[in-house]
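What follows is the content of query-v3.txt, which has compact mmCIF, N, CA and C atoms:
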```txt
# COMPACT_ATOMS: atom_id res chain seq x y z
N MET I 1 -21.91 9.19 4.74
CA MET I 1 -20.74 9.25 5.59
C MET I 1 -20.60 10.70 6.08
N THR I 2 -20.32 10.86 7.35
CA THR I 2 -20.14 12.19 7.92
C THR I 2 -18.72 12.67 7.68
N ILE I 3 -18.52 13.97 7.89
CA ILE I 3 -17.17 14.54 7.73
C ILE I 3 -16.20 13.88 8.69
N SER I 4 -16.63 13.65 9.94
CA SER I 4 -15.71 13.01 10.90
C SER I 4 -15.37 11.58 10.48
N GLU I 5 -16.33 10.87 9.86
CA GLU I 5 -16.03 9.52 9.37
C GLU I 5 -15.02 9.57 8.24
N SER I 6 -15.18 10.51 7.31
CA SER I 6 -14.23 10.60 6.21
C SER I 6 -12.87 11.06 6.70
N THR I 7 -12.84 11.93 7.71
CA THR I 7 -11.57 12.35 8.30
C THR I 7 -10.86 11.17 8.95
N ALA I 8 -11.61 10.35 9.68
CA ALA I 8 -11.03 9.17 10.32
C ALA I 8 -10.50 8.19 9.27
N LYS I 9 -11.26 8.00 8.20
CA LYS I 9 -10.79 7.09 7.15
C LYS I 9 -9.57 7.66 6.44
N GLY I 10 -9.54 8.97 6.26
CA GLY I 10 -8.37 9.61 5.67
C GLY I 10 -7.13 9.45 6.54
N GLU I 11 -7.30 9.57 7.86
CA GLU I 11 -6.18 9.37 8.79
C GLU I 11 -5.73 7.91 8.78
N TRP I 12 -6.69 6.99 8.68
CA TRP I 12 -6.35 5.57 8.59
C TRP I 12 -5.51 5.32 7.34
N LEU I 13 -5.96 5.86 6.20
CA LEU I 13 -5.23 5.67 4.95
C LEU I 13 -3.83 6.29 5.04
N LYS I 14 -3.73 7.45 5.64
CA LYS I 14 -2.43 8.09 5.84
C LYS I 14 -1.52 7.17 6.66
N GLY I 15 -2.06 6.53 7.68
CA GLY I 15 -1.27 5.61 8.51
C GLY I 15 -0.76 4.42 7.73
N VAL I 16 -1.61 3.86 6.86
CA VAL I 16 -1.19 2.73 6.03
C VAL I 16 0.00 3.13 5.16
N LEU I 17 -0.15 4.26 4.47
CA LEU I 17 0.91 4.70 3.56
C LEU I 17 2.18 5.12 4.31
N GLU I 18 2.03 5.68 5.50
CA GLU I 18 3.21 6.00 6.32
C GLU I 18 3.96 4.74 6.70
N SER I 19 3.24 3.66 7.01
CA SER I 19 3.91 2.42 7.37
C SER I 19 4.74 1.91 6.19
N VAL I 20 4.25 2.12 4.98
CA VAL I 20 5.00 1.73 3.78
C VAL I 20 6.19 2.66 3.58
N ASP I 21 5.94 3.97 3.65
CA ASP I 21 7.02 4.94 3.44
C ASP I 21 8.13 4.81 4.48
N ASN I 22 7.77 4.35 5.67
CA ASN I 22 8.77 4.11 6.72
C ASN I 22 9.35 2.70 6.65
N GLN I 23 8.92 1.93 5.68
CA GLN I 23 9.34 0.54 5.50
C GLN I 23 9.18 -0.26 6.80
N ASP I 24 8.05 -0.05 7.44
CA ASP I 24 7.74 -0.68 8.72
C ASP I 24 6.75 -1.83 8.48
N THR I 25 7.29 -2.97 8.10
CA THR I 25 6.46 -4.13 7.75
C THR I 25 5.60 -4.58 8.92
N ALA I 26 6.15 -4.57 10.12
CA ALA I 26 5.39 -5.01 11.30
C ALA I 26 4.16 -4.12 11.51
N ARG I 27 4.32 -2.83 11.35
CA ARG I 27 3.17 -1.92 11.47
C ARG I 27 2.20 -2.12 10.31
N PHE I 28 2.74 -2.30 9.11
CA PHE I 28 1.91 -2.48 7.92
C PHE I 28 0.90 -3.61 8.10
N VAL I 29 1.35 -4.76 8.56
CA VAL I 29 0.44 -5.91 8.67
C VAL I 29 -0.62 -5.72 9.74
N THR I 30 -0.44 -4.77 10.67
CA THR I 30 -1.47 -4.53 11.69
C THR I 30 -2.74 -3.94 11.08
N TYR I 31 -2.65 -3.43 9.88
CA TYR I 31 -3.82 -2.88 9.19
C TYR I 31 -4.63 -3.96 8.47
N LEU I 32 -4.12 -5.19 8.47
CA LEU I 32 -4.70 -6.28 7.69
C LEU I 32 -5.32 -7.36 8.59
N CYS I 33 -6.39 -7.97 8.09
CA CYS I 33 -6.95 -9.16 8.74
C CYS I 33 -5.89 -10.26 8.71
N GLN I 34 -5.96 -11.19 9.65
CA GLN I 34 -5.00 -12.30 9.69
C GLN I 34 -4.98 -13.09 8.39
N ASP I 35 -6.14 -13.22 7.73
CA ASP I 35 -6.23 -14.01 6.50
C ASP I 35 -6.37 -13.12 5.26
N ALA I 36 -5.89 -11.88 5.36
CA ALA I 36 -6.01 -10.93 4.25
C ALA I 36 -5.29 -11.44 3.01
N GLU I 37 -5.75 -10.95 1.86
CA GLU I 37 -5.09 -11.21 0.59
C GLU I 37 -4.45 -9.92 0.13
N PHE I 38 -3.22 -10.01 -0.40
CA PHE I 38 -2.46 -8.84 -0.82
C PHE I 38 -1.92 -9.09 -2.22
N CYS I 39 -2.17 -8.16 -3.13
CA CYS I 39 -1.69 -8.29 -4.49
C CYS I 39 -1.02 -6.99 -4.91
N PHE I 40 0.26 -7.05 -5.23
CA PHE I 40 1.07 -5.90 -5.62
C PHE I 40 1.36 -5.98 -7.11
N GLY I 41 0.76 -5.08 -7.89
CA GLY I 41 0.97 -5.07 -9.33
C GLY I 41 0.60 -6.39 -9.96
N SER I 42 1.47 -6.91 -10.82
CA SER I 42 1.19 -8.17 -11.50
C SER I 42 1.76 -9.38 -10.77
N ALA I 43 2.29 -9.17 -9.56
CA ALA I 43 2.81 -10.30 -8.77
C ALA I 43 1.64 -11.18 -8.31
N PRO I 44 1.89 -12.45 -8.10
CA PRO I 44 0.84 -13.31 -7.58
C PRO I 44 0.38 -12.83 -6.19
N ALA I 45 -0.90 -12.97 -5.93
CA ALA I 45 -1.44 -12.59 -4.62
C ALA I 45 -0.86 -13.50 -3.54
N VAL I 46 -0.68 -12.93 -2.36
CA VAL I 46 -0.26 -13.70 -1.19
C VAL I 46 -1.35 -13.54 -0.14
N LYS I 47 -1.41 -14.50 0.78
CA LYS I 47 -2.50 -14.50 1.76
C LYS I 47 -1.96 -14.77 3.15
N GLY I 48 -2.48 -14.00 4.11
CA GLY I 48 -2.12 -14.18 5.51
C GLY I 48 -0.93 -13.34 5.91
N HIS I 49 -0.89 -12.98 7.18
CA HIS I 49 0.17 -12.11 7.70
C HIS I 49 1.57 -12.61 7.37
N GLU I 50 1.82 -13.89 7.54
CA GLU I 50 3.18 -14.41 7.34
C GLU I 50 3.64 -14.24 5.90
N GLN I 51 2.80 -14.63 4.93
CA GLN I 51 3.18 -14.50 3.52
C GLN I 51 3.25 -13.03 3.10
N ILE I 52 2.32 -12.22 3.59
CA ILE I 52 2.33 -10.80 3.25
C ILE I 52 3.57 -10.13 3.83
N PHE I 53 3.89 -10.44 5.08
CA PHE I 53 5.08 -9.88 5.71
C PHE I 53 6.32 -10.20 4.88
N ALA I 54 6.45 -11.46 4.47
CA ALA I 54 7.63 -11.88 3.70
C ALA I 54 7.68 -11.15 2.36
N ALA I 55 6.54 -11.03 1.67
CA ALA I 55 6.52 -10.37 0.36
C ALA I 55 6.85 -8.88 0.49
N VAL I 56 6.24 -8.22 1.45
CA VAL I 56 6.45 -6.78 1.62
C VAL I 56 7.87 -6.51 2.10
N ASP I 57 8.36 -7.29 3.05
CA ASP I 57 9.72 -7.13 3.54
C ASP I 57 10.74 -7.35 2.42
N GLY I 58 10.48 -8.33 1.56
CA GLY I 58 11.35 -8.58 0.41
C GLY I 58 11.36 -7.41 -0.55
N PHE I 59 10.18 -6.81 -0.78
CA PHE I 59 10.13 -5.64 -1.65
C PHE I 59 10.90 -4.48 -1.03
N PHE I 60 10.70 -4.25 0.27
CA PHE I 60 11.42 -3.15 0.93
C PHE I 60 12.94 -3.33 0.81
N ALA I 61 13.42 -4.56 0.85
CA ALA I 61 14.86 -4.80 0.72
C ALA I 61 15.37 -4.44 -0.68
N SER I 62 14.47 -4.43 -1.66
CA SER I 62 14.88 -4.15 -3.04
C SER I 62 14.95 -2.66 -3.36
N ILE I 63 14.48 -1.81 -2.44
CA ILE I 63 14.51 -0.36 -2.65
C ILE I 63 15.19 0.31 -1.47
N ALA I 64 15.66 1.53 -1.69
CA ALA I 64 16.26 2.30 -0.60
C ALA I 64 15.19 3.06 0.19
N GLY I 65 14.06 3.35 -0.45
CA GLY I 65 12.98 4.06 0.22
C GLY I 65 11.88 4.40 -0.75
N CYS I 66 10.80 4.98 -0.22
CA CYS I 66 9.69 5.41 -1.06
C CYS I 66 8.89 6.49 -0.34
N SER I 67 8.12 7.22 -1.12
CA SER I 67 7.28 8.29 -0.60
C SER I 67 6.03 8.40 -1.45
N HIS I 68 4.88 8.32 -0.81
CA HIS I 68 3.60 8.38 -1.52
C HIS I 68 3.00 9.78 -1.47
N GLN I 69 2.39 10.17 -2.57
CA GLN I 69 1.61 11.40 -2.63
C GLN I 69 0.22 11.04 -3.13
N LEU I 70 -0.79 11.29 -2.31
CA LEU I 70 -2.17 11.00 -2.69
C LEU I 70 -2.73 12.13 -3.53
N HIS I 71 -3.45 11.76 -4.59
CA HIS I 71 -4.14 12.74 -5.41
C HIS I 71 -5.64 12.71 -5.18
N ASN I 72 -6.19 11.49 -5.03
CA ASN I 72 -7.63 11.33 -4.82
C ASN I 72 -7.89 10.15 -3.90
N THR I 73 -8.96 10.25 -3.14
CA THR I 73 -9.40 9.15 -2.28
C THR I 73 -10.91 8.99 -2.43
N TRP I 74 -11.36 7.76 -2.27
CA TRP I 74 -12.78 7.47 -2.32
C TRP I 74 -13.10 6.52 -1.18
N PHE I 75 -14.19 6.80 -0.48
CA PHE I 75 -14.61 5.98 0.65
C PHE I 75 -16.02 5.47 0.36
N GLY I 76 -16.11 4.16 0.16
CA GLY I 76 -17.40 3.54 -0.10
C GLY I 76 -17.80 2.67 1.07
N ASP I 77 -18.88 1.97 0.89
CA ASP I 77 -19.37 1.06 1.91
C ASP I 77 -18.54 -0.21 1.85
N GLY I 78 -17.59 -0.36 2.75
CA GLY I 78 -16.74 -1.54 2.78
C GLY I 78 -15.55 -1.50 1.85
N THR I 79 -15.33 -0.36 1.18
CA THR I 79 -14.21 -0.22 0.26
C THR I 79 -13.59 1.17 0.40
N ILE I 80 -12.27 1.20 0.36
CA ILE I 80 -11.53 2.46 0.32
C ILE I 80 -10.63 2.37 -0.91
N ALA I 81 -10.55 3.45 -1.67
CA ALA I 81 -9.69 3.48 -2.85
C ALA I 81 -8.94 4.80 -2.89
N CYS I 82 -7.77 4.77 -3.48
CA CYS I 82 -6.98 5.98 -3.63
C CYS I 82 -6.11 5.87 -4.86
N GLU I 83 -5.67 7.03 -5.35
CA GLU I 83 -4.72 7.06 -6.44
C GLU I 83 -3.76 8.20 -6.22
N GLY I 84 -2.57 8.02 -6.75
CA GLY I 84 -1.56 9.03 -6.56
C GLY I 84 -0.28 8.67 -7.27
N ALA I 85 0.82 9.16 -6.72
CA ALA I 85 2.14 8.90 -7.27
C ALA I 85 3.05 8.44 -6.14
N VAL I 86 3.90 7.50 -6.44
CA VAL I 86 4.88 7.03 -5.45
C VAL I 86 6.27 7.22 -6.04
N THR I 87 7.13 7.83 -5.25
CA THR I 87 8.52 8.02 -5.66
C THR I 87 9.37 6.98 -4.94
N TYR I 88 10.06 6.17 -5.74
CA TYR I 88 10.94 5.14 -5.20
C TYR I 88 12.37 5.63 -5.28
N GLN I 89 13.12 5.39 -4.21
CA GLN I 89 14.55 5.63 -4.21
C GLN I 89 15.23 4.28 -4.40
N ARG I 90 16.08 4.22 -5.41
CA ARG I 90 16.82 2.99 -5.67
C ARG I 90 18.10 2.98 -4.83
N HIS I 91 18.68 1.81 -4.70
CA HIS I 91 19.92 1.67 -3.93
C HIS I 91 21.09 2.42 -4.57
N ASP I 92 21.01 2.70 -5.87
CA ASP I 92 22.09 3.45 -6.53
C ASP I 92 21.94 4.96 -6.36
N GLY I 93 20.91 5.39 -5.63
CA GLY I 93 20.68 6.81 -5.37
C GLY I 93 19.72 7.47 -6.35
N SER I 94 19.37 6.81 -7.43
CA SER I 94 18.42 7.40 -8.39
C SER I 94 16.99 7.23 -7.88
N GLU I 95 16.08 7.99 -8.47
CA GLU I 95 14.67 7.95 -8.10
C GLU I 95 13.80 7.81 -9.33
N ILE I 96 12.61 7.27 -9.13
CA ILE I 96 11.60 7.19 -10.17
C ILE I 96 10.24 7.38 -9.53
N THR I 97 9.37 8.13 -10.19
CA THR I 97 8.02 8.35 -9.70
C THR I 97 7.04 7.65 -10.63
N LEU I 98 6.14 6.86 -10.05
CA LEU I 98 5.18 6.06 -10.80
C LEU I 98 3.76 6.30 -10.29
N PRO I 99 2.77 6.28 -11.18
CA PRO I 99 1.39 6.38 -10.73
C PRO I 99 0.92 5.05 -10.12
N PHE I 100 0.00 5.13 -9.18
CA PHE I 100 -0.55 3.93 -8.56
C PHE I 100 -2.02 4.16 -8.22
N ALA I 101 -2.72 3.07 -8.02
CA ALA I 101 -4.07 3.09 -7.45
C ALA I 101 -4.16 1.90 -6.50
N ASN I 102 -4.75 2.12 -5.33
CA ASN I 102 -4.93 1.07 -4.34
C ASN I 102 -6.42 0.90 -4.08
N VAL I 103 -6.84 -0.35 -3.91
CA VAL I 103 -8.21 -0.65 -3.50
C VAL I 103 -8.12 -1.54 -2.27
N PHE I 104 -8.82 -1.12 -1.23
CA PHE I 104 -8.86 -1.85 0.04
C PHE I 104 -10.28 -2.35 0.26
N ASP I 105 -10.47 -3.66 0.29
CA ASP I 105 -11.74 -4.24 0.70
C ASP I 105 -11.64 -4.41 2.21
N MET I 106 -12.61 -3.85 2.92
CA MET I 106 -12.54 -3.79 4.37
C MET I 106 -13.43 -4.83 5.04
N ALA I 107 -12.97 -5.29 6.20
CA ALA I 107 -13.76 -6.11 7.11
C ALA I 107 -13.71 -5.38 8.44
N GLY I 108 -14.65 -4.51 8.67
CA GLY I 108 -14.60 -3.63 9.84
C GLY I 108 -13.49 -2.62 9.65
N ASP I 109 -12.56 -2.55 10.60
CA ASP I 109 -11.44 -1.61 10.54
C ASP I 109 -10.18 -2.20 9.92
N LEU I 110 -10.26 -3.44 9.44
CA LEU I 110 -9.08 -4.11 8.88
C LEU I 110 -9.29 -4.44 7.40
N VAL I 111 -8.20 -4.54 6.68
CA VAL I 111 -8.23 -4.84 5.26
C VAL I 111 -8.34 -6.35 5.06
N SER I 112 -9.34 -6.76 4.28
CA SER I 112 -9.46 -8.18 3.94
C SER I 112 -8.79 -8.48 2.60
N ARG I 113 -8.78 -7.48 1.70
CA ARG I 113 -8.08 -7.63 0.42
C ARG I 113 -7.50 -6.28 0.02
N TYR I 114 -6.22 -6.28 -0.30
CA TYR I 114 -5.47 -5.06 -0.62
C TYR I 114 -4.89 -5.26 -2.01
N LYS I 115 -5.34 -4.45 -2.96
CA LYS I 115 -4.89 -4.56 -4.34
C LYS I 115 -4.17 -3.27 -4.73
N ILE I 116 -2.95 -3.40 -5.21
CA ILE I 116 -2.17 -2.26 -5.68
C ILE I 116 -2.04 -2.37 -7.20
N TYR I 117 -2.54 -1.35 -7.89
CA TYR I 117 -2.45 -1.31 -9.34
C TYR I 117 -1.30 -0.37 -9.71
N ILE I 118 -0.23 -0.96 -10.24
CA ILE I 118 0.97 -0.21 -10.59
C ILE I 118 1.76 -1.02 -11.60
N ASP I 119 2.44 -0.33 -12.50
CA ASP I 119 3.41 -0.97 -13.38
C ASP I 119 4.77 -0.75 -12.72
N ILE I 120 5.25 -1.73 -12.00
CA ILE I 120 6.48 -1.61 -11.24
C ILE I 120 7.73 -1.87 -12.10
N GLY I 121 7.54 -2.33 -13.33
CA GLY I 121 8.66 -2.65 -14.22
C GLY I 121 9.69 -1.53 -14.35
N PRO I 122 9.28 -0.27 -14.53
CA PRO I 122 10.27 0.80 -14.69
C PRO I 122 11.20 0.96 -13.48
N LEU I 123 10.75 0.56 -12.29
CA LEU I 123 11.61 0.66 -11.11
C LEU I 123 12.87 -0.15 -11.27
N TYR I 124 12.74 -1.32 -11.91
CA TYR I 124 13.86 -2.24 -12.03
C TYR I 124 14.53 -2.21 -13.40
N ALA I 125 14.04 -1.36 -14.29
CA ALA I 125 14.62 -1.26 -15.64
C ALA I 125 16.02 -0.66 -15.56
N GLY I 126 16.90 -1.14 -16.41
CA GLY I 126 18.29 -0.70 -16.43
C GLY I 126 18.39 0.73 -16.85
```
Output the structure of this file as structure tokens.
Amino acid sequence: MTISESTAKGEWLKGVLESVDNQDTARFVTYLCQDAEFCFGSAPAVKGHEQIFAAVDGFFASIAGCSHQLHNTWFGDGTIACEGAVTYQRHDGSEITLPFANVFDMAGDLVSRYKIYIDIGPLYAG
């Protein structure tokens, strides 16, 4: 992979995470194949734009906001992976920062399978 290819993939990844941080579900699904599979933590996987939109939009309604910080990224042949920390803002004004790792299986420029590895339980703990 050339430097320009890794730069382009880095910008793509930044765009995906910005769509999440901006809670822009409509933009988020544009990064996915129509029949993509999406799995967030231990939640059951959902498939297709309609189900993914509903799941992601529902999650966004449960938080006041979020902000991702990337620590590492890896670009393979047909796979992009990253790890970092995400800070969630709760509706009560409190915040929590949790580690995460994402794996994107790619079909060209679109995600065919998006897996988020995170323990989301502390976000909702009393």
### Message
Let me make sure I understand: among I:Val46, I:Leu13, I:Leu70, I:Cys39, which one has the smallest atom-to-atom distance to I:Tyr117 if we use only N, CA and C atoms?
### Response
I:Cys39
### Task
Between I:Ala54, I:Val103, I:Cys82, I:Leu110, single out the one closest to I:Thr30, counting only N, CA and C atoms.
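Of I:Ala54, I:Val103, I:Cys82, I:Leu110, the one nearest I:Thr30, counting only N, CA and C atoms, is I:Leu110.
The space separating atom N of I:Thr97 from atom C of I:Ala8 comes to 27.8 Å.
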### Task
as a ChimeraX atom specification, please: all residues of chain I that backbone DSSP puts in strand (DSSP E or B).
/I:32-40,46-47,65-75,79-89,95-107,110-117
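Interatomic distance, atom CA of I:Gly76 against atom N of I:Ile116: 16.8 Å.
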### Selection near stretch 16-28 of chain I, 7 Å with all atoms listed in the file, sequence-local residues under 4 positions removed, as a list in words
Glu11, Trp12, Leu32, Phe53, Val56, Asp57, Phe60, Gly65, Cys66, Ser67 and His68 of chain I
#### Entry: Sel. within 8 Å of pt (8.8, 3.7, -4.8), counting only N, CA and C atoms, output as a list in words
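Residues with an atom at most 8 Å from (8.8, 3.7, -4.8): Ile63, Ala64, Gly65, Cys66, Ser67, His68, Ala85, Val86, Thr87, Tyr88, Gln89, Arg90, Glu95, Ile96, Thr97, Leu98 and Leu123 of chain I.
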Please write the residues from the selection above to a file, keeping N, CA and C atoms, as a PDB file, in the coordinates of the input.
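Result file is part.pdb:
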```pdb
ATOM      1  N   ILE I  63      14.480  -1.810  -2.440  1.00  0.00           N
ATOM      2  CA  ILE I  63      14.510  -0.360  -2.650  1.00  0.00           C
ATOM      3  C   ILE I  63      15.190   0.310  -1.470  1.00  0.00           C
ATOM      4  N   ALA I  64      15.660   1.530  -1.690  1.00  0.00           N
ATOM      5  CA  ALA I  64      16.260   2.300  -0.600  1.00  0.00           C
ATOM      6  C   ALA I  64      15.190   3.060   0.190  1.00  0.00           C
ATOM      7  N   GLY I  65      14.060   3.350  -0.450  1.00  0.00           N
ATOM      8  CA  GLY I  65      12.980   4.060   0.220  1.00  0.00           C
ATOM      9  C   GLY I  65      11.880   4.400  -0.750  1.00  0.00           C
ATOM     10  N   CYS I  66      10.800   4.980  -0.220  1.00  0.00           N
ATOM     11  CA  CYS I  66       9.690   5.410  -1.060  1.00  0.00           C
ATOM     12  C   CYS I  66       8.890   6.490  -0.340  1.00  0.00           C
ATOM     13  N   SER I  67       8.120   7.220  -1.120  1.00  0.00           N
ATOM     14  CA  SER I  67       7.280   8.290  -0.600  1.00  0.00           C
ATOM     15  C   SER I  67       6.030   8.400  -1.450  1.00  0.00           C
ATOM     16  N   HIS I  68       4.880   8.320  -0.810  1.00  0.00           N
ATOM     17  CA  HIS I  68       3.600   8.380  -1.520  1.00  0.00           C
ATOM     18  C   HIS I  68       3.000   9.780  -1.470  1.00  0.00           C
ATOM     19  N   ALA I  85       0.820   9.160  -6.720  1.00  0.00           N
ATOM     20  CA  ALA I  85       2.140   8.900  -7.270  1.00  0.00           C
ATOM     21  C   ALA I  85       3.050   8.440  -6.140  1.00  0.00           C
ATOM     22  N   VAL I  86       3.900   7.500  -6.440  1.00  0.00           N
ATOM     23  CA  VAL I  86       4.880   7.030  -5.450  1.00  0.00           C
ATOM     24  C   VAL I  86       6.270   7.220  -6.040  1.00  0.00           C
ATOM     25  N   THR I  87       7.130   7.830  -5.250  1.00  0.00           N
ATOM     26  CA  THR I  87       8.520   8.020  -5.660  1.00  0.00           C
ATOM     27  C   THR I  87       9.370   6.980  -4.940  1.00  0.00           C
ATOM     28  N   TYR I  88      10.060   6.170  -5.740  1.00  0.00           N
ATOM     29  CA  TYR I  88      10.940   5.140  -5.200  1.00  0.00           C
ATOM     30  C   TYR I  88      12.370   5.630  -5.280  1.00  0.00           C
ATOM     31  N   GLN I  89      13.120   5.390  -4.210  1.00  0.00           N
ATOM     32  CA  GLN I  89      14.550   5.630  -4.210  1.00  0.00           C
ATOM     33  C   GLN I  89      15.230   4.280  -4.400  1.00  0.00           C
ATOM     34  N   ARG I  90      16.080   4.220  -5.410  1.00  0.00           N
ATOM     35  CA  ARG I  90      16.820   2.990  -5.670  1.00  0.00           C
ATOM     36  C   ARG I  90      18.100   2.980  -4.830  1.00  0.00           C
ATOM     37  N   GLU I  95      16.080   7.990  -8.470  1.00  0.00           N
ATOM     38  CA  GLU I  95      14.670   7.950  -8.100  1.00  0.00           C
ATOM     39  C   GLU I  95      13.800   7.810  -9.330  1.00  0.00           C
ATOM     40  N   ILE I  96      12.610   7.270  -9.130  1.00  0.00           N
ATOM     41  CA  ILE I  96      11.600   7.190 -10.170  1.00  0.00           C
ATOM     42  C   ILE I  96      10.240   7.380  -9.530  1.00  0.00           C
ATOM     43  N   THR I  97       9.370   8.130 -10.190  1.00  0.00           N
ATOM     44  CA  THR I  97       8.020   8.350  -9.700  1.00  0.00           C
ATOM     45  C   THR I  97       7.040   7.650 -10.630  1.00  0.00           C
ATOM     46  N   LEU I  98       6.140   6.860 -10.050  1.00  0.00           N
ATOM     47  CA  LEU I  98       5.180   6.060 -10.800  1.00  0.00           C
ATOM     48  C   LEU I  98       3.760   6.300 -10.290  1.00  0.00           C
ATOM     49  N   LEU I 123      10.750   0.560 -12.290  1.00  0.00           N
ATOM     50  CA  LEU I 123      11.610   0.660 -11.110  1.00  0.00           C
ATOM     51  C   LEU I 123      12.870  -0.150 -11.270  1.00  0.00           C
TER      52      LEU I 123
END
```
### Separation of atom N of I:Pro44 from atom N of I:Asn72, in Å and rounded to one decimal
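These two atoms are separated by 25.5 Å.
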### Task
Find the residues around I:Asn102 up to 10 Å (only C-alpha atoms counted), leave out those fewer than 5 positions away in its own chain, and share them as a list of chain:residue names.
I:Cys39, I:Phe40, I:Gly41, I:Thr73, I:Ile80, I:Ala81, I:Cys82, I:Glu83, I:Gly84, I:Tyr114, I:Lys115, I:Ile116, I:Tyr117, I:Ile118
Centre and edges of the stretch 46-51 of chain I box, axis-aligned, 6 Å extra per side, as lines of an AutoDock Vina configuration file:
```
center_x = 0.6
center_y = -13.4
center_z = 2.7
size_x = 18.1
size_y = 14.7
size_z = 22.1
```
### Task
Select, counting only C-alpha atoms, all protein, DNA and RNA residues no farther than 9 Å from (-1.1, -12.5, -0.7) in file coordinates, and express the selection as an NGL selection string.
:I and (35-40 or 44-49 or 51-52 or 55 or 113-114)
Go ahead and dump the residues you just picked, N, CA and C atoms, as a short mmCIF file (atom, residue, chain, number, x, y, z; two decimals), in the frame of the given file.
```cif
data_model
loop_
_atom_site.label_atom_id
_atom_site.label_comp_id
_atom_site.auth_asym_id
_atom_site.auth_seq_id
_atom_site.Cartn_x
_atom_site.Cartn_y
_atom_site.Cartn_z
N ASP I 35 -6.14 -13.22 7.73
CA ASP I 35 -6.23 -14.01 6.50
C ASP I 35 -6.37 -13.12 5.26
N ALA I 36 -5.89 -11.88 5.36
CA ALA I 36 -6.01 -10.93 4.25
C ALA I 36 -5.29 -11.44 3.01
N GLU I 37 -5.75 -10.95 1.86
CA GLU I 37 -5.09 -11.21 0.59
C GLU I 37 -4.45 -9.92 0.13
N PHE I 38 -3.22 -10.01 -0.40
CA PHE I 38 -2.46 -8.84 -0.82
C PHE I 38 -1.92 -9.09 -2.22
N CYS I 39 -2.17 -8.16 -3.13
CA CYS I 39 -1.69 -8.29 -4.49
C CYS I 39 -1.02 -6.99 -4.91
N PHE I 40 0.26 -7.05 -5.23
CA PHE I 40 1.07 -5.90 -5.62
C PHE I 40 1.36 -5.98 -7.11
N PRO I 44 1.89 -12.45 -8.10
CA PRO I 44 0.84 -13.31 -7.58
C PRO I 44 0.38 -12.83 -6.19
N ALA I 45 -0.90 -12.97 -5.93
CA ALA I 45 -1.44 -12.59 -4.62
C ALA I 45 -0.86 -13.50 -3.54
N VAL I 46 -0.68 -12.93 -2.36
CA VAL I 46 -0.26 -13.70 -1.19
C VAL I 46 -1.35 -13.54 -0.14
N LYS I 47 -1.41 -14.50 0.78
CA LYS I 47 -2.50 -14.50 1.76
C LYS I 47 -1.96 -14.77 3.15
N GLY I 48 -2.48 -14.00 4.11
CA GLY I 48 -2.12 -14.18 5.51
C GLY I 48 -0.93 -13.34 5.91
N HIS I 49 -0.89 -12.98 7.18
CA HIS I 49 0.17 -12.11 7.70
C HIS I 49 1.57 -12.61 7.37
N GLN I 51 2.80 -14.63 4.93
CA GLN I 51 3.18 -14.50 3.52
C GLN I 51 3.25 -13.03 3.10
N ILE I 52 2.32 -12.22 3.59
CA ILE I 52 2.33 -10.80 3.25
C ILE I 52 3.57 -10.13 3.83
N ALA I 55 6.54 -11.03 1.67
CA ALA I 55 6.52 -10.37 0.36
C ALA I 55 6.85 -8.88 0.49
N ARG I 113 -8.78 -7.48 1.70
CA ARG I 113 -8.08 -7.63 0.42
C ARG I 113 -7.50 -6.28 0.02
N TYR I 114 -6.22 -6.28 -0.30
CA TYR I 114 -5.47 -5.06 -0.62
C TYR I 114 -4.89 -5.26 -2.01
#
```
### Task
Using DSSP on the backbone, list every residue of chain I that comes out as alpha helix (DSSP H), and give them as an NGL selection string.
:I and (3-21 or 25-29 or 49-61 or 121-124)
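Shortest separation to I:Ala107 among I:Gln69, I:Thr79, I:Ser42, I:Trp74 occurs at residue I:Thr79, atoms counted being only C-alpha atoms.
Closest to I:Asp77 among I:Tyr31, I:His91, I:Thr7, I:Met106 is I:Met106, based on only N, CA and C atoms.
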### Query
Of the candidates I:Ser112, I:Gly58, I:Ala101, I:Ala125, which shows the shortest atom-to-atom distance to I:Gln34, using all atoms listed in the file?
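Counting all atoms listed in the file, the residue closest to I:Gln34 is I:Ser112.
Of the listed residues (I:Phe104, I:Phe75, I:Tyr124, I:Phe59), I:Phe104 comes nearest to I:Cys33; the distances count only C-alpha atoms.
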